[in-house]
file start_35.cif (mmCIF, C-alpha atoms and all ligand atoms)
data_run
#
loop_
_atom_site.label_atom_id
_atom_site.label_comp_id
_atom_site.auth_asym_id
_atom_site.auth_seq_id
_atom_site.Cartn_x
_atom_site.Cartn_y
_atom_site.Cartn_z
CA MET A 47 94.39 187.89 297.70
CA GLU A 48 98.07 188.38 296.97
CA LEU A 49 100.06 191.40 295.81
CA GLU A 50 102.41 190.65 292.90
CA LYS A 51 105.74 189.48 294.28
CA SER A 52 107.56 192.37 292.57
CA MET A 53 105.25 194.86 294.29
CA GLN A 54 106.52 195.53 297.77
CA HIS A 55 104.79 198.80 298.55
CA VAL A 56 101.42 200.24 297.48
CA CYS A 57 99.65 203.53 298.20
CA VAL A 58 95.87 204.04 298.25
CA VAL A 59 94.61 207.60 297.72
CA GLY A 60 91.21 209.26 297.33
CA LEU A 61 90.69 210.93 293.95
CA ASN A 62 87.65 213.07 294.71
CA TRP A 63 86.75 215.16 297.78
CA GLY A 64 87.02 212.31 300.30
CA ASP A 65 84.51 209.60 301.22
CA GLU A 66 85.41 207.49 298.18
CA GLY A 67 85.41 204.24 300.15
CA LYS A 68 89.17 204.03 300.70
CA GLY A 69 88.66 202.18 303.99
CA LYS A 70 87.19 199.19 302.20
CA ILE A 71 89.94 199.13 299.55
CA VAL A 72 92.69 199.37 302.18
CA ASP A 73 90.98 196.60 304.10
CA VAL A 74 90.98 194.38 300.97
CA LEU A 75 94.64 195.03 300.17
CA ALA A 76 95.73 194.72 303.80
CA THR A 77 95.28 190.94 303.71
CA ASP A 78 98.74 190.65 302.18
CA VAL A 79 100.89 193.38 303.78
CA ASP A 80 103.00 193.75 306.91
CA ALA A 81 102.09 197.31 307.84
CA VAL A 82 99.47 199.90 306.95
CA VAL A 83 100.61 203.51 307.26
CA ARG A 84 98.57 206.75 307.56
CA TYR A 85 100.53 209.84 306.52
CA GLN A 86 98.29 212.89 307.04
CA GLY A 87 95.10 214.22 308.57
CA GLY A 88 93.57 213.12 311.83
CA ALA A 89 90.12 212.64 313.29
CA ASN A 90 88.58 214.57 310.37
CA ALA A 91 88.74 211.25 308.49
CA GLY A 92 86.16 208.56 308.94
CA HIS A 93 86.90 205.19 307.40
CA THR A 94 84.08 202.66 307.40
CA VAL A 95 84.36 198.97 306.74
CA TYR A 96 81.84 196.16 307.11
CA ILE A 97 83.23 192.88 308.39
CA GLY A 98 80.34 190.49 307.96
CA ASP A 99 77.48 192.84 308.77
CA VAL A 100 79.33 194.66 311.57
CA ARG A 101 80.19 198.28 310.79
CA HIS A 102 83.59 199.51 312.00
CA VAL A 103 84.43 203.23 311.88
CA LEU A 104 87.97 204.44 312.40
CA HIS A 105 89.13 208.04 312.46
CA HIS A 106 92.88 207.92 313.14
CA LEU A 107 93.77 204.26 312.94
CA PRO A 108 94.52 202.82 309.52
CA MET A 109 92.11 200.10 308.40
CA GLY A 110 94.79 197.41 308.55
CA VAL A 111 94.65 197.48 312.34
CA LEU A 112 91.71 195.07 312.16
CA HIS A 113 93.87 192.42 310.44
CA GLN A 114 95.83 190.04 312.65
CA GLY A 115 99.59 190.42 312.60
CA ILE A 116 99.79 193.77 310.77
CA LEU A 117 101.44 196.87 312.18
CA ALA A 118 99.23 199.99 312.08
CA VAL A 119 101.47 203.03 311.75
CA LEU A 120 100.39 206.64 312.42
CA GLY A 121 102.95 208.74 310.58
CA ASN A 122 104.59 212.01 311.55
CA GLY A 123 102.36 213.94 309.11
CA MET A 124 99.26 213.25 311.18
CA VAL A 125 97.61 215.40 313.86
CA LEU A 126 96.12 213.32 316.68
CA GLU A 127 93.19 214.20 318.89
CA PRO A 128 93.81 212.50 322.26
CA LEU A 129 90.25 211.68 323.33
CA LYS A 130 89.13 210.44 319.91
CA LEU A 131 92.27 208.36 319.55
CA LEU A 132 91.75 206.81 322.99
CA GLU A 133 88.11 206.09 322.14
CA GLU A 134 89.19 204.25 319.00
CA VAL A 135 91.95 202.38 320.74
CA ASN A 136 89.52 201.25 323.42
CA SER A 137 87.07 200.01 320.77
CA ILE A 138 89.46 197.43 319.30
CA PRO A 139 90.90 194.27 320.88
CA GLU A 140 93.99 194.73 323.10
CA GLU A 141 95.93 192.44 320.74
CA ALA A 142 95.38 195.03 317.97
CA VAL A 143 96.41 197.93 320.24
CA GLN A 144 99.78 196.23 320.69
CA ARG A 145 100.31 196.46 316.91
CA ILE A 146 99.87 200.26 316.76
CA ARG A 147 102.95 202.43 316.27
CA ILE A 148 102.67 206.21 316.58
CA SER A 149 105.27 208.66 315.33
CA ASP A 150 106.95 210.67 318.06
CA ARG A 151 106.84 213.55 315.56
CA ALA A 152 103.05 213.45 315.00
CA HIS A 153 101.36 216.57 316.38
CA VAL A 154 98.66 216.70 319.04
CA VAL A 155 95.31 218.44 318.49
CA LEU A 156 94.48 220.33 321.67
CA PRO A 157 91.19 221.79 322.92
CA TYR A 158 92.25 225.35 322.07
CA HIS A 159 92.69 224.31 318.42
CA CYS A 160 89.05 223.28 318.27
CA ALA A 161 87.98 226.51 320.03
CA VAL A 162 89.95 228.67 317.57
CA GLU A 163 88.51 226.81 314.60
CA LYS A 164 84.94 227.19 315.85
CA LEU A 165 85.48 230.94 316.29
CA HIS A 166 86.96 231.31 312.80
CA GLU A 167 84.23 229.29 311.12
CA GLU A 168 81.51 231.27 312.92
CA ARG A 169 83.03 234.63 312.13
CA ALA A 170 84.35 234.01 308.61
CA GLU A 171 82.72 235.73 305.68
CA ARG A 172 83.54 232.60 303.68
CA PRO A 173 83.49 229.58 306.07
CA ILE A 174 85.14 226.40 304.83
CA GLY A 175 82.63 224.00 306.38
CA THR A 176 85.33 222.09 308.25
CA THR A 177 84.77 219.03 310.44
CA LEU A 178 85.54 221.24 313.52
CA ARG A 179 88.12 218.71 314.69
CA GLY A 180 90.81 221.36 315.15
CA ILE A 181 92.74 220.13 312.13
CA GLY A 182 93.57 223.51 310.55
CA PRO A 183 94.74 225.17 313.81
CA ALA A 184 96.81 222.09 314.73
CA TYR A 185 98.64 222.28 311.39
CA GLN A 186 98.94 226.06 311.83
CA ALA A 187 100.70 225.41 315.14
CA LYS A 188 102.94 222.81 313.48
CA TYR A 189 104.04 225.15 310.69
CA GLY A 190 104.16 228.08 313.07
CA ARG A 191 106.65 225.96 315.06
CA ILE A 192 104.66 226.08 318.27
CA GLY A 193 103.04 222.64 318.01
CA ILE A 194 103.11 219.94 320.67
CA ARG A 195 104.34 216.57 319.43
CA MET A 196 103.66 213.05 320.68
CA GLY A 197 107.33 212.74 321.63
CA ASP A 198 107.03 215.88 323.83
CA ILE A 199 104.18 214.56 325.90
CA MET A 200 106.01 211.27 326.46
CA GLU A 201 108.95 213.15 328.07
CA PRO A 202 108.85 212.83 331.90
CA GLY A 203 107.52 216.03 333.47
CA PHE A 204 106.61 217.73 330.15
CA ILE A 205 102.85 217.61 330.67
CA GLU A 206 103.07 218.80 334.27
CA ASP A 207 105.81 221.45 333.97
CA VAL A 208 105.93 222.71 330.39
CA LEU A 209 102.56 222.13 328.67
CA PRO A 210 100.42 224.58 330.73
CA LYS A 211 102.88 227.46 330.19
CA ARG A 212 103.15 226.77 326.47
CA LEU A 213 99.40 226.55 326.05
CA ALA A 214 98.80 229.74 328.02
CA GLU A 215 101.12 231.52 325.58
CA HIS A 216 99.65 229.95 322.42
CA SER A 217 96.01 230.38 323.35
CA GLU A 218 96.57 234.04 324.17
CA MET A 219 98.26 234.66 320.81
CA LEU A 220 95.23 233.17 319.07
CA GLY A 221 92.58 235.11 320.98
CA VAL A 222 91.27 232.23 323.14
CA ALA A 223 93.39 232.91 326.25
CA GLY A 224 93.48 230.07 328.74
CA GLU A 225 91.09 227.91 326.68
CA GLY A 226 91.14 224.24 327.68
CA ILE A 227 94.50 224.16 329.46
CA ASP A 228 93.38 221.94 332.34
CA GLU A 229 91.54 219.75 329.87
CA ALA A 230 94.71 219.48 327.73
CA VAL A 231 96.75 218.39 330.74
CA ARG A 232 94.13 215.78 331.63
CA ILE A 233 93.77 214.25 328.17
CA CYS A 234 97.49 214.31 327.37
CA THR A 235 98.11 212.46 330.64
CA GLN A 236 95.55 209.84 329.67
CA LEU A 237 97.18 209.50 326.28
CA ARG A 238 100.64 209.12 327.77
CA ASP A 239 99.43 206.53 330.29
CA ARG A 240 97.68 204.43 327.66
CA LEU A 241 99.93 204.67 324.61
CA SER A 242 103.51 205.43 325.68
CA GLN A 243 104.66 201.98 324.48
CA GLN A 244 103.29 202.71 321.02
CA VAL A 245 105.16 205.98 320.43
CA THR A 246 108.36 205.57 318.46
CA ASP A 247 110.47 206.80 315.55
CA THR A 248 108.23 205.47 312.77
CA ARG A 249 110.51 206.73 309.96
CA ARG A 250 113.21 204.42 311.24
CA LEU A 251 110.70 201.61 311.65
CA LEU A 252 109.52 201.91 308.03
CA GLN A 253 113.13 201.88 306.79
CA ARG A 254 113.77 198.70 308.73
CA LEU A 255 110.62 197.00 307.47
CA ASP A 256 111.55 197.96 303.89
CA SER A 257 115.06 196.58 304.22
CA GLU A 258 113.67 193.31 305.60
CA GLY A 259 111.51 192.98 302.45
CA LYS A 260 108.27 193.62 304.35
CA LYS A 261 105.27 195.02 302.44
CA LEU A 262 103.90 198.46 303.29
CA LEU A 263 100.50 199.85 302.38
CA PHE A 264 100.16 203.64 302.61
CA GLU A 265 96.68 205.01 303.21
CA GLY A 266 95.69 208.58 302.33
CA ALA A 267 92.75 210.11 304.19
CA GLN A 268 90.32 212.59 302.57
CA GLY A 269 90.76 213.06 298.79
CA CYS A 270 93.26 214.83 296.58
CA MET A 271 90.77 217.54 295.54
CA LEU A 272 91.07 218.64 299.20
CA ASP A 273 94.89 218.81 299.01
CA ILE A 274 96.21 221.95 300.71
CA ASP A 275 98.38 222.83 297.69
CA PHE A 276 96.58 221.32 294.71
CA GLY A 277 92.95 221.09 295.79
CA THR A 278 90.21 223.70 295.43
CA TYR A 279 91.93 226.14 297.82
CA PRO A 280 90.86 227.60 300.22
CA PHE A 281 88.09 224.98 300.43
CA VAL A 282 90.54 222.21 301.29
CA THR A 283 91.91 220.40 304.29
CA SER A 284 95.25 221.43 305.84
CA SER A 285 97.41 218.51 304.70
CA SER A 286 98.34 216.65 301.48
CA PRO A 287 96.02 213.67 301.00
CA SER A 288 97.53 213.12 297.55
CA PHE A 289 100.35 210.63 296.96
CA LEU A 290 102.74 213.63 297.20
CA GLY A 291 102.05 213.73 300.95
CA VAL A 292 103.68 210.33 301.61
CA GLY A 293 107.25 211.66 301.72
CA PRO A 294 106.81 214.48 304.22
CA GLY A 295 104.15 212.54 306.14
CA THR A 296 106.29 209.46 306.81
CA GLY A 297 109.93 210.15 305.95
CA PHE A 298 109.71 207.16 303.57
CA SER A 299 110.88 207.72 300.00
CA PRO A 300 107.89 207.67 297.59
CA ARG A 301 110.31 206.35 294.94
CA LYS A 302 110.09 202.99 296.64
CA ILE A 303 106.32 202.73 296.19
CA GLU A 304 105.58 200.65 293.10
CA HIS A 305 101.87 201.18 292.70
CA VAL A 306 99.41 203.98 293.44
CA VAL A 307 95.72 203.00 293.47
CA GLY A 308 93.26 205.88 293.29
CA VAL A 309 89.81 205.32 294.71
CA THR A 310 86.80 206.90 293.04
CA LYS A 311 83.10 206.33 293.35
CA ALA A 312 81.04 205.78 290.18
CA TYR A 313 79.59 209.21 291.01
CA CYS A 314 80.95 212.05 293.16
CA THR A 315 80.32 213.61 296.55
CA ARG A 316 81.66 216.51 298.57
CA VAL A 317 81.08 217.66 302.17
CA GLY A 318 81.55 221.26 303.21
CA GLU A 319 81.79 224.35 301.06
CA GLY A 320 83.67 224.90 297.81
CA PRO A 321 83.43 224.27 294.09
CA PHE A 322 81.96 221.02 292.82
CA PRO A 323 81.42 221.38 289.06
CA SER A 324 79.47 218.13 288.51
CA GLU A 325 77.09 218.75 291.45
CA ILE A 326 73.38 218.02 291.02
CA HIS A 327 70.45 219.36 293.05
CA GLY A 328 66.80 218.73 293.81
CA GLU A 329 64.98 215.41 293.74
CA GLU A 330 67.59 213.71 291.58
CA ALA A 331 70.27 214.61 294.15
CA ASP A 332 68.09 213.55 297.10
CA ALA A 333 67.48 210.14 295.51
CA LEU A 334 71.18 209.55 294.81
CA ARG A 335 72.16 210.70 298.34
CA LYS A 336 69.63 208.35 299.86
CA ALA A 337 70.56 205.40 297.62
CA GLY A 338 74.26 205.86 298.41
CA GLY A 339 73.77 206.59 302.14
CA GLU A 340 75.73 209.80 301.58
CA PHE A 341 75.86 211.24 305.09
CA GLY A 342 79.20 212.09 306.76
CA THR A 343 80.85 209.36 308.87
CA THR A 344 82.53 211.96 311.09
CA THR A 345 79.91 214.71 311.25
CA GLY A 346 76.68 213.11 309.97
CA ARG A 347 76.27 215.99 307.50
CA PRO A 348 74.39 215.23 304.25
CA ARG A 349 76.96 215.06 301.45
CA ARG A 350 76.58 217.07 298.28
CA VAL A 351 76.29 214.71 295.31
CA GLY A 352 77.10 214.88 291.58
CA TRP A 353 78.26 212.86 288.58
CA LEU A 354 81.61 211.28 287.93
CA ASP A 355 83.83 214.07 286.64
CA ILE A 356 86.37 212.91 284.04
CA PRO A 357 88.48 216.12 283.78
CA ALA A 358 88.75 216.20 287.61
CA LEU A 359 89.70 212.51 287.55
CA CYS A 360 92.38 213.10 284.88
CA PHE A 361 93.80 215.91 287.01
CA ALA A 362 93.82 213.59 290.04
CA ALA A 363 95.46 210.80 288.01
CA GLU A 364 98.25 213.15 286.96
CA LEU A 365 98.73 214.61 290.45
CA ASN A 366 99.00 211.17 292.06
CA ASP A 367 101.07 209.56 289.29
CA LEU A 368 98.28 207.02 289.30
CA ASP A 369 98.64 203.38 288.20
CA SER A 370 95.09 202.10 288.59
CA PHE A 371 91.59 202.89 289.80
CA ALA A 372 89.60 201.22 292.53
CA LEU A 373 85.99 201.88 291.55
CA THR A 374 83.51 201.93 294.43
CA LYS A 375 79.78 202.24 295.02
CA ALA A 376 78.84 201.25 291.46
CA ASP A 377 76.15 199.08 293.10
CA VAL A 378 74.34 202.32 294.03
CA LEU A 379 73.67 202.82 290.29
CA ASP A 380 72.58 199.21 289.64
CA GLY A 381 69.80 198.99 287.05
CA TRP A 382 70.39 202.43 285.52
CA GLU A 383 70.24 202.09 281.72
CA THR A 384 72.82 204.82 281.23
CA ILE A 385 75.12 206.64 283.63
CA PRO A 386 75.57 210.41 283.38
CA VAL A 387 79.28 211.32 283.32
CA VAL A 388 80.81 214.80 283.04
CA THR A 389 83.36 214.75 280.22
CA GLY A 390 84.09 218.48 279.90
CA TYR A 391 82.82 221.90 280.83
CA ARG A 392 81.72 225.08 279.13
CA LEU A 393 83.14 228.34 280.41
CA ASP A 394 81.84 231.56 278.86
CA GLY A 395 80.74 229.54 275.81
CA GLU A 396 84.16 227.94 275.37
CA LEU A 397 84.58 224.14 275.64
CA LEU A 398 87.15 222.95 278.24
CA ASP A 399 88.35 219.37 278.70
CA LYS A 400 90.70 220.12 281.63
CA PHE A 401 89.93 220.87 285.27
CA PRO A 402 90.70 224.62 285.56
CA ASP A 403 93.53 225.85 287.77
CA SER A 404 91.72 228.97 288.88
CA LEU A 405 89.09 228.78 291.59
CA THR A 406 87.14 231.61 289.95
CA ASP A 407 86.95 229.58 286.76
CA VAL A 408 85.86 226.43 288.60
CA GLN A 409 82.92 228.32 290.04
CA GLY A 410 81.65 229.42 286.61
CA LEU A 411 81.80 226.00 284.92
CA GLU A 412 78.85 224.45 283.15
CA PRO A 413 79.27 220.66 282.91
CA VAL A 414 79.03 218.76 279.61
CA ILE A 415 77.30 215.45 280.32
CA GLU A 416 77.59 212.23 278.31
CA GLN A 417 75.57 209.08 278.93
CA TRP A 418 77.80 206.02 279.47
CA PRO A 419 76.63 202.41 279.40
CA GLY A 420 74.90 201.25 282.57
CA TRP A 421 74.79 197.75 284.04
CA GLY A 422 72.09 195.54 285.50
CA LYS A 423 73.64 194.26 288.69
CA VAL A 424 77.23 195.20 289.33
CA ASP A 425 79.86 192.54 288.55
CA ALA A 426 83.05 192.37 286.51
CA GLN A 427 81.24 191.32 283.35
CA SER A 428 78.25 193.65 283.39
CA MET A 429 80.53 196.61 284.23
CA GLN A 430 82.97 195.87 281.39
CA PRO A 431 81.64 198.47 278.88
CA PHE A 432 81.72 201.22 281.56
CA ILE A 433 85.16 200.21 282.80
CA GLU A 434 86.55 200.21 279.24
CA ARG A 435 85.09 203.64 278.59
CA LEU A 436 86.70 204.92 281.81
CA HIS A 437 90.04 203.45 280.76
CA GLN A 438 89.78 205.09 277.32
CA ALA A 439 88.84 208.48 278.77
CA THR A 440 91.58 208.59 281.42
CA GLY A 441 94.30 206.16 280.27
CA ILE A 442 94.05 204.40 283.65
CA PRO A 443 92.81 200.81 284.11
CA VAL A 444 90.58 199.57 286.92
CA SER A 445 92.35 197.13 289.26
CA ILE A 446 89.66 196.78 291.93
CA LEU A 447 85.89 196.92 291.63
CA SER A 448 83.91 197.10 294.86
CA THR A 449 80.49 195.51 294.38
CA GLY A 450 78.97 196.12 297.80
CA LYS A 451 79.62 197.17 301.38
CA ARG A 452 81.08 193.98 302.73
CA ARG A 453 84.77 193.03 302.69
CA ASP A 454 84.13 190.05 300.38
CA GLU A 455 82.09 192.02 297.81
CA VAL A 456 84.94 192.86 295.48
CA CYS A 457 86.39 191.94 292.04
CA ILE A 458 90.15 192.09 291.70
CA PHE A 459 92.07 192.50 288.45
CA GLU A 460 95.74 192.88 287.48
CA PRO A 461 98.14 193.70 289.08
CA PHE A 462 96.42 192.49 292.25
CA LYS A 463 95.79 188.81 292.11
CA ALA A 464 92.99 186.94 293.77
CA GLU A 465 93.80 183.49 295.04
CA GLY A 466 92.34 181.25 292.35
CA GLU A 467 89.48 182.81 290.46
CA LEU A 468 88.59 186.49 290.48
CA ALA A 469 86.83 187.25 293.74
P1 LIG B 501 89.00 219.97 307.92
O1 LIG B 501 89.83 218.87 307.35
O2 LIG B 501 88.17 219.55 309.10
O3 LIG B 501 89.79 221.21 308.18
O4 LIG B 501 87.91 220.39 306.80
C1 LIG B 501 88.28 220.99 305.56
C2 LIG B 501 87.41 220.47 304.43
O5 LIG B 501 87.71 219.10 304.20
C3 LIG B 501 85.90 220.53 304.71
O6 LIG B 501 85.22 220.78 303.49
C4 LIG B 501 85.58 219.12 305.18
O7 LIG B 501 84.23 218.77 304.95
C5 LIG B 501 86.52 218.31 304.31
N1 LIG B 501 86.92 217.03 304.90
C6 LIG B 501 87.80 216.83 305.90
N2 LIG B 501 87.93 215.51 306.16
C7 LIG B 501 87.12 214.87 305.31
C8 LIG B 501 86.83 213.49 305.08
O8 LIG B 501 87.37 212.58 305.69
N3 LIG B 501 85.94 213.23 304.09
C9 LIG B 501 85.36 214.22 303.35
N4 LIG B 501 85.60 215.51 303.52
C10 LIG B 501 86.48 215.84 304.49
#

call {"tool": "encode", "arguments": {"input": "start_35.cif", "output": "structure tokens"}}
result
Amino acid sequence: MELEKSMQHVCVVGLNWGDEGKGKIVDVLATDVDAVVRYQGGANAGHTVYIGDVRHVLHHLPMGVLHQGILAVLGNGMVLEPLKLLEEVNSIPEEAVQRIRISDRAHVVLPYHCAVEKLHEERAERPIGTTLRGIGPAYQAKYGRIGIRMGDIMEPGFIEDVLPKRLAEHSEMLGVAGEGIDEAVRICTQLRDRLSQQVTDTRRLLQRLDSEGKKLLFEGAQGCMLDIDFGTYPFVTSSSPSFLGVGPGTGFSPRKIEHVVGVTKAYCTRVGEGPFPSEIHGEEADALRKAGGEFGTTTGRPRRVGWLDIPALCFAAELNDLDSFALTKADVLDGWETIPVVTGYRLDGELLDKFPDSLTDVQGLEPVIEQWPGWGKVDAQSMQPFIERLHQATGIPVSILSTGKRRDEVCIFEPFKAEGELA
């Protein structure tokens, strides 16, 4: 599979509430790039890919790390949990570890972040249903200008002399005085000992790769409906999974990225609390959840399920300046004569065709459902009527169709070219 010669850089983003199958799409596109770059989030993400029948799950590392010869870059916009990162690093071949580059400006998630989050979620009148990976508090520390960065812990003496004092101060301010300081010192030391060679100025690295004509693939975690600014706030994550997050999360100009691929399932899921207008319940939901294996990669939680939501997808397409869709998990709906799709909503008797801006409105929506053409067994031909309908409804073409779990179960259209025939 080859990217068009004119297309140097591509970004893959999730269009729903995460878990769209981005890992597989990144893995497919990574066969023809020089570096894969994560720009936000941390161990809250869980990317799954099947190579042959072996399941690989990554939380921090971009999918490309499993391809020979590709750099795997963890951008400055990420928040890294030392133990989880070390676990992942130790689960891949040493050759691949040597290809990891970590921004010296990426922030570190520390035990007191997880403790604060647990307290907040337990006490909140309106819990968010987070992954409890300390993501929110780590970003709070970053924007509160008290965060600890990868570059700090690589400084000689920082962990021993400075870190304990800083953490004593921070944890007290947040009501968990003294929480996990010894643990933080221990895990940061392990991180420094294992990965000091990988920590660098990744902004500079990306500039250099770009100027040498190398191809970069940017990989969003979560989905844009969880975007801190444009998602269903406050039921969102604490970073910008949308394409808009690439700039601040890497220091690389988004103007240089020629193509944005948005990943969506043929239906929808959401984990955690918050509005989900196309959600279904009861036996129908249980059957879809089971058929799609919709249980969290990171937390094992059952995912909420619902129908493909066209107004939400149009909003996501606009937000991400989208060029094409990668459609995933259509195989879960194999054999359905028709596919229920939400094409609008009713709010207080009024018909809406746009995803509402106000959270209060989102909660009161009644979905309008149309039946779209189904397919027998998913492939490029049998899916054509559905794909055309999706194109008509959103103005966005499908460039990649995933037809199963494995890496090789995929159909590729323009502008991505398969070698020879369509895969
Ligand atoms: P946090 O990112 O752990 O703070 O969680 C905030 C919200 O984002 C919760 O609803 C989580 O379930 C959701 N979330 C975070 N990461 C993912 C992901 O990778 N997939 C799906 N949902 C996620």

call {"tool": "residues_around", "arguments": {"input": "start_35.cif", "residues": "range 106-108 of chain A", "least_positions_apart": "3", "cutoff": "6 Å", "atoms": "all atoms listed in the file", "output": "MDAnalysis selection string"}}
result
chainID A and resid 84 88:89

call {"tool": "residues_near_ligand", "arguments": {"input": "start_35.cif", "ligand": "ligand LIG 501 (chain B)", "cutoff": "7 Å", "atoms": "all atoms listed in the file", "output": "list in words"}}
result
Trp63, Gly64, Asp65, Asn90, Ala91, Gly92, Ile174, Gly175, Thr176, Thr177, Leu178, Arg179, Gly180, Ile181, Gly182, Ala267, Gln268, Leu272, Phe281, Val282, Thr283, Ser284, Arg316, Val317, Gly318 and Glu319 of chain A

call {"tool": "closest_residue", "arguments": {"input": "start_35.cif", "among": "A:Val103, A:Ile194, A:Val83, A:Ile274", "to": "Val125 in chain A", "atoms": "only C-alpha atoms"}}
result
A:Ile194

call {"tool": "residues_around", "arguments": {"input": "start_35.cif", "residues": "Gly297 in chain A", "least_positions_apart": "6", "cutoff": "9 Å", "atoms": "only C-alpha atoms", "output": "list in words"}}
result
Gly121, Asn122, Thr248, Arg249, Arg250, Leu252 and Gln253 of chain A

call {"tool": "residues_around", "arguments": {"input": "start_35.cif", "residues": "Gly115 in chain A", "least_positions_apart": "5", "cutoff": "10 Å", "atoms": "all atoms listed in the file", "output": "list of chain:residue names"}}
result
A:Thr77, A:Val79, A:Asp80, A:Ala81, A:Gly110, A:Glu141, A:Ala142, A:Gln144, A:Arg145

call {"tool": "residues_around", "arguments": {"input": "start_35.cif", "residues": "Asp228 in chain A", "least_positions_apart": "5", "cutoff": "12 Å", "atoms": "all atoms listed in the file", "output": "PyMOL selection string"}}
result
chain A and resi 156-158+205-206+209-211+213-214+233-235

call {"tool": "decode", "arguments": {"input": "start_35.cif", "residues": "range 350-365 of chain A", "atoms": "N, CA and C atoms", "output": "PDB file, in the first residue's frame"}}
result
ATOM      1  N   ARG A 350     -21.447   1.627  25.821  1.00  0.00           N
ATOM      2  CA  ARG A 350     -22.806   1.958  25.406  1.00  0.00           C
ATOM      3  C   ARG A 350     -22.825   1.892  23.882  1.00  0.00           C
ATOM      4  N   VAL A 351     -23.933   1.461  23.301  1.00  0.00           N
ATOM      5  CA  VAL A 351     -23.966   1.319  21.834  1.00  0.00           C
ATOM      6  C   VAL A 351     -25.160   2.076  21.247  1.00  0.00           C
ATOM      7  N   GLY A 352     -25.050   2.441  19.976  1.00  0.00           N
ATOM      8  CA  GLY A 352     -26.130   3.161  19.291  1.00  0.00           C
ATOM      9  C   GLY A 352     -25.896   3.138  17.795  1.00  0.00           C
ATOM     10  N   TRP A 353     -26.738   3.834  17.061  1.00  0.00           N
ATOM     11  CA  TRP A 353     -26.636   3.847  15.592  1.00  0.00           C
ATOM     12  C   TRP A 353     -25.691   4.932  15.105  1.00  0.00           C
ATOM     13  N   LEU A 354     -25.248   4.756  13.881  1.00  0.00           N
ATOM     14  CA  LEU A 354     -24.451   5.788  13.217  1.00  0.00           C
ATOM     15  C   LEU A 354     -25.272   7.079  13.234  1.00  0.00           C
ATOM     16  N   ASP A 355     -24.595   8.179  13.571  1.00  0.00           N
ATOM     17  CA  ASP A 355     -25.299   9.440  13.795  1.00  0.00           C
ATOM     18  C   ASP A 355     -24.786  10.466  12.771  1.00  0.00           C
ATOM     19  N   ILE A 356     -25.583  10.719  11.739  1.00  0.00           N
ATOM     20  CA  ILE A 356     -25.111  11.567  10.634  1.00  0.00           C
ATOM     21  C   ILE A 356     -24.883  13.032  11.057  1.00  0.00           C
ATOM     22  N   PRO A 357     -25.807  13.669  11.804  1.00  0.00           N
ATOM     23  CA  PRO A 357     -25.505  15.049  12.214  1.00  0.00           C
ATOM     24  C   PRO A 357     -24.221  15.142  13.054  1.00  0.00           C
ATOM     25  N   ALA A 358     -23.985  14.151  13.939  1.00  0.00           N
ATOM     26  CA  ALA A 358     -22.752  14.168  14.739  1.00  0.00           C
ATOM     27  C   ALA A 358     -21.535  13.986  13.828  1.00  0.00           C
ATOM     28  N   LEU A 359     -21.709  13.149  12.799  1.00  0.00           N
ATOM     29  CA  LEU A 359     -20.609  12.893  11.861  1.00  0.00           C
ATOM     30  C   LEU A 359     -20.314  14.147  11.019  1.00  0.00           C
ATOM     31  N   CYS A 360     -21.370  14.872  10.635  1.00  0.00           N
ATOM     32  CA  CYS A 360     -21.167  16.106   9.846  1.00  0.00           C
ATOM     33  C   CYS A 360     -20.436  17.152  10.706  1.00  0.00           C
ATOM     34  N   PHE A 361     -20.810  17.210  11.978  1.00  0.00           N
ATOM     35  CA  PHE A 361     -20.127  18.122  12.901  1.00  0.00           C
ATOM     36  C   PHE A 361     -18.643  17.738  12.997  1.00  0.00           C
ATOM     37  N   ALA A 362     -18.393  16.445  13.131  1.00  0.00           N
ATOM     38  CA  ALA A 362     -17.006  15.957  13.257  1.00  0.00           C
ATOM     39  C   ALA A 362     -16.224  16.232  11.974  1.00  0.00           C
ATOM     40  N   ALA A 363     -16.880  16.088  10.829  1.00  0.00           N
ATOM     41  CA  ALA A 363     -16.216  16.313   9.538  1.00  0.00           C
ATOM     42  C   ALA A 363     -15.786  17.778   9.431  1.00  0.00           C
ATOM     43  N   GLU A 364     -16.678  18.663   9.891  1.00  0.00           N
ATOM     44  CA  GLU A 364     -16.375  20.099   9.827  1.00  0.00           C
ATOM     45  C   GLU A 364     -15.240  20.447  10.795  1.00  0.00           C
ATOM     46  N   LEU A 365     -15.340  19.916  12.013  1.00  0.00           N
ATOM     47  CA  LEU A 365     -14.358  20.230  13.051  1.00  0.00           C
ATOM     48  C   LEU A 365     -12.947  19.787  12.647  1.00  0.00           C
TER      49      LEU A 365
END
